Each structure stands twice: as structure tokens, then as C-alpha cells.
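Notes to accompany the following structure.
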Amino acid sequence: MLSEIYGDFESTYPQILELAVTPAMVDAAEELKALYDFLKASGEGEHINLDFSIVNDMSYYNGIIFRGFINGIPDGVLSGGRYDRLLSKMGK
């Protein structure tokens, strides 16, 4: 189950690929891999974990949602995501 996937990118990504059964899911997985490859090339790959149990109630996000954490702080210190259709949802 997708919501049970958590861990470093290298060990969790194969699990995501197994669950990608539609072209849209494969595209999303490939986008996630491209983002990880960019972060890894910049030296930040070991700091990336995937956690698909995170649920966000902001329906305007339509892609990757992220949260940033710092050791010793029990809650996220930043969050954000992709929201390409936000303006159209607001009638703009």
C-alpha cells in the first residue's frame, strides 16, 4: 500500500514503481526520480526520504508536496508543493 512506503529514496523508489500501474502514475514517478537525481547531483541525496503517509488537506496541490525537517525539532520547518492550477481554481 502506498501510504506504508517510507524511507530513503534508493530503497523506496522501487516500491513506488511497482505500484505505478497507469501512465500518469509512471509519469509522476519519473518526475520524482528526476527531482531526486538533481538533488543527489547537488550533494543532497542522502538527506532525501520519501513518506507517502503524509496527507495534506490543501486541494490546490497537484504534484509533489514536500516538508522539511531539522533534527531535534518535532514538526516540519517548511512545506510546499506544486500547484499549477491554483489560479484557475480561484477563477483567474
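Chains: A, B, ... in order of the C-alpha cells. Residues: from 1 per chain. Ligands: from 1, in order shown.
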- Task: Please provide the set of residues having any atom within 8 Å of Ala20 (chain A), restricted to only C-alpha atoms, with same-chain residues fewer than 5 positions apart removed, written as a list in words.
- Result: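 Listing them by chain and then by number gives Met25, Val26 and Ala29 of chain A.
Residues with any atom within 7 Å of Ile5 (chain A), counting only C-alpha atoms and excluding same-chain neighbours fewer than 4 positions away, are Thr12, Asp51 and Phe52 of chain A.
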- Find the spatial neighbours of Ser53 (chain A), counting only C-alpha atoms, within a cut-off of 8 Å - ignore same-chain residues fewer than 5 positions away - and output them as an NGL selection string. :A and (2-6)
- Hey, what's within 12 Å of Glu10 (chain A) if we count only C-alpha atoms and toss same-chain stuff fewer than 3 positions away? As an MDAnalysis selection string, please? chainID A and resid 6:7 13:17 32:33 36:37 40 45:50
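One finds CA of Phe9 (chain A) at 19.6 Å from CA of Val21 (chain A).
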- Message: Env of region 72-84 of chain A: 6 Å cut, atoms = only C-alpha atoms, seq-sep filter 2 positions within chain, self excluded. Answer as a list of chain:residue names.
- Response: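 The residues satisfying every condition are A:Tyr60, A:Tyr61, A:Asn62, A:Gly63, A:Ile64, A:Ile65, A:Phe66, A:Arg67, A:Gly68, A:Phe69, A:Ile70, A:Leu86.
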- Among chain A, which ones does DSSP place in strand (DSSP E or B), written as a ChimeraX atom specification? /A:6-8,49-51,65-68,78-81
Written selection (C-alpha atoms) as a CSV table (one decimal), in the first residue's frame:
chain,number,residue,atom,x,y,z
A,6,TYR,CA,8.7,5.4,3.9
A,7,GLY,CA,12.4,5.6,3.9
A,8,ASP,CA,15.4,6.7,1.9
A,49,ASN,CA,13.4,10.5,2.4
A,50,LEU,CA,10.0,9.6,0.9
A,51,ASP,CA,7.0,9.4,3.1
A,65,ILE,CA,4.2,18.0,-1.8
A,66,PHE,CA,7.2,18.4,0.5
A,67,ARG,CA,8.0,19.1,4.1
A,68,GLY,CA,11.4,19.9,5.6
A,78,LEU,CA,8.9,24.3,5.9
A,79,SER,CA,6.4,22.9,3.5
A,80,GLY,CA,5.2,23.4,0.0
A,81,GLY,CA,4.4,21.8,-3.3
- Query: In Å, how far is it from CA of Phe38 (chain A) to CA of Ser11 (chain A)?
  - Reply: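 Computed distance, CA of Phe38 (chain A) to CA of Ser11 (chain A), equals 17.5 Å.
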- Message: Among region 18-80 of chain A, which residues does DSSP mark as alpha helix (DSSP H) when it is run on the backbone? Keep the chain and numbering as in the structure and answer as number ranges by chain.
- Response: A: 18-19, 23-41
